[in-house]
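Trainee: Take a look at this one; I'll ask things after.
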Number of protein chains: 2
Amino acid sequence: MPRVEELDTPVVTIDLNVVEDNIARLQNYLDGHGIKNRPHIKTHKIPAIAHLQVAAGAVGITCQKIGEAEVMADAGIRDILLPYNILGPAKLERLMALARRVKLSVTADSEMVARGLSAAARRAGQDLTVLVECDTGFNRVGVQSPEAARDLARQIAGLPRLRFGGVMTYPNSEAAGKFFSRCLELFREAGIPVPEVSGGGTPVMWQAHTVPGLTEHRAGTYVYNDRAIVRSGAATWEQCAMRIWATVVSRPTPGRAILDAGSKSLTSDLLGFEDYGHVVEYPKARLHALSEEHGHLDVSECEKRPEVGEQVSIVPNHTCVVSNLCDTLVVVRGDRVEGEWPVAARGKVR
Amino acid sequence: MPRVEELDTPVVTIDLNVVEDNIARLQNYLDGHGIKNRPHIKTHKIPAIAHLQVAAGAVGITCQKIGEAEVMADAGIRDILLPYNILGPAKLERLMALARRVKLSVTADSEMVARGLSAAARRAGQDLTVLVECDTGFNRVGVQSPEAARDLARQIAGLPRLRFGGVMTYPNSEAAGKFFSRCLELFREAGIPVPEVSGGGTPVMWQAHTVPGLTEHRAGTYVYNDRAIVRSGAATWEQCAMRIWATVVSRPTPGRAILDAGSKSLTSDLLGFEDYGHVVEYPKARLHALSEEHGHLDVSECEKRPEVGEQVSIVPNHTCVVSNLCDTLVVVRGDRVEGEWPVAARGKVR
């Protein structure tokens, strides 16, 4: 096996030592607080890493799309939450096929979605667990109030073949805590048991124990971490497992270095940053623009500057979207290459 | 075959009627001005479409990475320009293997890159054509002055197994025209023939005839077009071949619609826009934010508003990067589905 420096670029590496550490650290924290761990596999999309998470103590996994869940079920994962409004005959049929193979739960935020799930579950002759997704300030999907959560839970509980599975939100926050507290009061008054209170998010993972009533936490990015997670304070640079290795292919001017990794390797996700990643060897360099196959690096603030042919490594702003660009990742331990793993659930948008 | 509205979402469609039209229109224009057409396949990454371009009159194609060129060579394309600084033993070996199979030319912007190409060509016992890449204001790779272009051309012509193939830039502009004019003067004085003067870019394609000395034009996006090209004035909405079809999965508030297509379907490329695409059916809707699997649509300015379960279609800001997310595209003619085509050169970053 080659050493990391000998890999042809651009190439994405994952340090398995760091991954194992990240998995153990969050599991220990959640175990210590009696909160179930249900990691989101969108970050890695690799069955072998999902199995590492389950082996470490995760109750199951979270997938965002049915296609991801199918890949993970095929690979032997047995407990999957799909926090997504599933609509339409093609997806509902695949959903119920999945529900026959694994312990499956989904979410809904409207009666229309719940009715579609119930009809599909009846057709399939198979029960389905449905949580109510709550919008606790992220302004994405979700019911808008604890009262609406209770009403939808009642509807779900009353629909054939559906079981009410609890409430979920993304991400955890103080507002989410207040929303859940009020939910739990209302459900108690209404006599509706709430099996799970499911929260999520990597930046807020170390505060999961402060969310009232939380029974389960979903984090994705923690398995690799990235520049945005370091900025949030939830991880250090040393806890970032992913690097994009690139070669300097041009030094047209003293202040400019052009890399062979562009938006096809790093994506255009800024996540609030002003440039496209953290260059480990040249922390003062600014990756200020990306073409599809070129990274535009301003090295004018660097004392030592990279030369043509030199390799640099980048911690991406957002690791999950980089995984989605890769057919395979190179797995390393330190600077030793262990092998190449397929990103089996890459590109599963349906 | 289903109709377009029956496809499971998110899904990317390409209208082949529009593609054929786009191919013919640019070919006719360039033919009329005696400029060779060498389309860039990064936009589609599909051999069948490259063959349509060649059949219409293109002299060959442009690829950005060796991996793309290998896919196209495998599919029978016989003339390829690779406008990229190729460095390192692994890539140089693949490059020379490709040079044995097809008429290949590459670019260089430094003596170091040219020397590496010469050494590889000598090892392979195979001549290689090398153009000088010029930075005419885009601030990416390229020599910085016409004088530097001449000097590098001399070095290339003097290196074993290399042939000087001309000058190239991206994109065409008034500054590029001035740069090329001065280059041609200097090359004439130096007695160096310039086989090709190669420019590129879709937004500027209809001005290609105004660039002094231009012999060849490379455009990629013109084959599909996108929102950025419509903004540039070089195409109309009707000339946009790609649509991302998405379903409204949630209407949490009167002004908010959430789609099942996010950054994994559309990418985060803004290209100067403030939102992530043009919604054909709701032109006043703003796709103001993307999660990986959710599109956040502000419909508050729309008189009629989409309902849960309704499909919408989006013209992306940047079509090339969307192709790179798709294992396959659905090919349609109008609302009739013709088939599903693999995006064979997707993800070829090396």
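Just so we're on the same page: first chain in the structure tokens is A, next is B, and so on; residues restart at 1 for each chain, and ligands are numbered from 1 in the order they show up.
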As a list in words, please: every residue in segment 155-185 of chain A that DSSP puts in strand (DSSP E or B).
Mentor: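 The strand (DSSP E or B) subset of segment 155-185 of chain A is Leu162, Arg163, Phe164, Gly165, Gly166, Val167 and Met168 of chain A.
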Trainee: Contacts of Val4 of chain B at 9 Å or less, counting only C-alpha atoms, minus same-chain residues fewer than 4 places along, as a short mmCIF file (atom, residue, chain, number, x, y, z; two decimals) with N, CA and C atoms, in the first residue's frame?
Mentor:
```
data_model
loop_
_atom_site.label_atom_id
_atom_site.label_comp_id
_atom_site.auth_asym_id
_atom_site.auth_seq_id
_atom_site.Cartn_x
_atom_site.Cartn_y
_atom_site.Cartn_z
N THR B 13 -34.00 15.85 -15.70
CA THR B 13 -34.34 15.52 -17.09
C THR B 13 -33.57 16.44 -18.04
N TRP B 245 -36.65 18.04 -11.35
CA TRP B 245 -38.03 17.91 -10.91
C TRP B 245 -38.06 17.57 -9.43
N VAL B 332 -35.67 13.17 -22.23
CA VAL B 332 -37.07 13.35 -22.66
C VAL B 332 -37.08 14.11 -23.99
N GLY B 334 -39.89 16.84 -25.06
CA GLY B 334 -41.12 17.43 -24.55
C GLY B 334 -41.50 16.72 -23.27
N ASP B 335 -42.77 16.21 -23.19
CA ASP B 335 -43.13 15.50 -21.95
C ASP B 335 -43.09 13.98 -22.12
N ARG B 336 -42.46 13.52 -23.22
CA ARG B 336 -42.34 12.08 -23.41
C ARG B 336 -40.96 11.62 -22.94
N VAL B 337 -40.93 10.59 -22.10
CA VAL B 337 -39.66 10.06 -21.61
C VAL B 337 -39.08 9.11 -22.64
#
```
Trainee: Among segment 208-317 of chain A, which residues does DSSP mark as alpha helix (DSSP H) when it is run on the backbone? Keep the chain and numbering as in the structure and answer as an NGL selection string.
Mentor: :A and (227-232 or 263-266)
Trainee: Using only C-alpha atoms, which protein or nucleic acid residues come within 6 Å of segment 118-133 of chain A? Drop anything in the same chain fewer than 3 positions from it, and give the result as a list in words.
Mentor: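 Once the nearby chain positions are removed, what remains is Ser105, Val106, Thr107, Ala108, Asp109, Arg115, Gly142, Pro160, Arg161, Leu162, Arg163, Phe164, Gly165, Gly166, Val167, Met168 and Thr169 of chain A.
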Trainee: Those same residues, written as a CSV table (one decimal), in the first residue's frame with C-alpha atoms?
Mentor:
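And here's part-v7.csv as it stands now:
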```csv
chain,number,residue,atom,x,y,z
A,105,SER,CA,-39.8,4.5,11.7
A,106,VAL,CA,-40.6,7.6,9.7
A,107,THR,CA,-41.8,11.1,10.4
A,108,ALA,CA,-44.7,13.2,9.2
A,109,ASP,CA,-45.7,16.8,9.7
A,115,ARG,CA,-52.9,9.4,5.6
A,142,GLY,CA,-42.3,20.4,10.9
A,160,PRO,CA,-55.1,2.2,10.6
A,161,ARG,CA,-51.7,0.5,10.8
A,162,LEU,CA,-49.9,3.5,12.2
A,163,ARG,CA,-48.2,3.7,15.6
A,164,PHE,CA,-47.4,7.1,17.1
A,165,GLY,CA,-43.7,7.0,17.7
A,166,GLY,CA,-43.0,10.3,19.5
A,167,VAL,CA,-41.7,13.7,18.5
A,168,MET,CA,-38.5,14.7,16.7
A,169,THR,CA,-36.8,17.9,15.7
```
Trainee: Would you mind listing what lies within 12 Å of segment 170-186 of chain B as JSON, numbers by chain, with only C-alpha atoms counted and same-chain residues fewer than 4 positions away left out?
Mentor: {"A": [291], "B": [40, 83, 84, 132, 133, 134, 135, 136, 137, 138, 139, 140, 141, 142, 143, 144, 145, 146, 147, 148, 149, 150, 151, 152, 153, 154, 166, 190, 191, 192, 193, 194, 195, 196, 197, 198, 199, 200, 201, 202, 203, 204, 205, 206, 207, 208, 209, 210, 211, 212, 213, 214, 215, 216, 217, 218, 219, 220]}
Trainee: Hey, could you make a per-residue contact list for segment 254-313 of chain B against segment 255-279 of chain A with 9 Å as the cut-off, showing the nearest pair of atoms and its distance in Å to one decimal, counting only C-alpha atoms, sorted by chain and number, as a Markdown table?
Mentor:
```
| residue | atom | partner | partner_atom | distance |
| --- | --- | --- | --- | --- |
| B:Ser263 | CA | A:Asp269 | CA | 8.7 |
| B:Thr267 | CA | A:Ser268 | CA | 7.2 |
| B:Ser268 | CA | A:Ser268 | CA | 5.3 |
| B:Asp269 | CA | A:Ser268 | CA | 5.6 |
| B:Leu270 | CA | A:Ser268 | CA | 8.3 |
```
Trainee: How would the residues just picked look written out with N, CA and C atoms as a compact mmCIF listing (two decimals), in the first residue's frame?
Mentor:
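Resulting contents of part-v8.txt:
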```
# COMPACT_ATOMS: atom_id res chain seq x y z
N SER B 263 -29.26 20.40 -1.78
CA SER B 263 -27.94 20.63 -2.38
C SER B 263 -27.37 19.37 -3.00
N THR B 267 -26.73 21.33 -6.02
CA THR B 267 -25.45 21.91 -5.57
C THR B 267 -25.68 23.28 -4.94
N SER B 268 -24.65 23.77 -4.28
CA SER B 268 -24.74 25.08 -3.62
C SER B 268 -24.22 26.20 -4.51
N ASP B 269 -23.98 25.93 -5.78
CA ASP B 269 -23.45 26.98 -6.67
C ASP B 269 -24.46 28.12 -6.82
N LEU B 270 -24.08 29.31 -6.38
CA LEU B 270 -24.95 30.47 -6.54
C LEU B 270 -24.63 31.23 -7.83
```
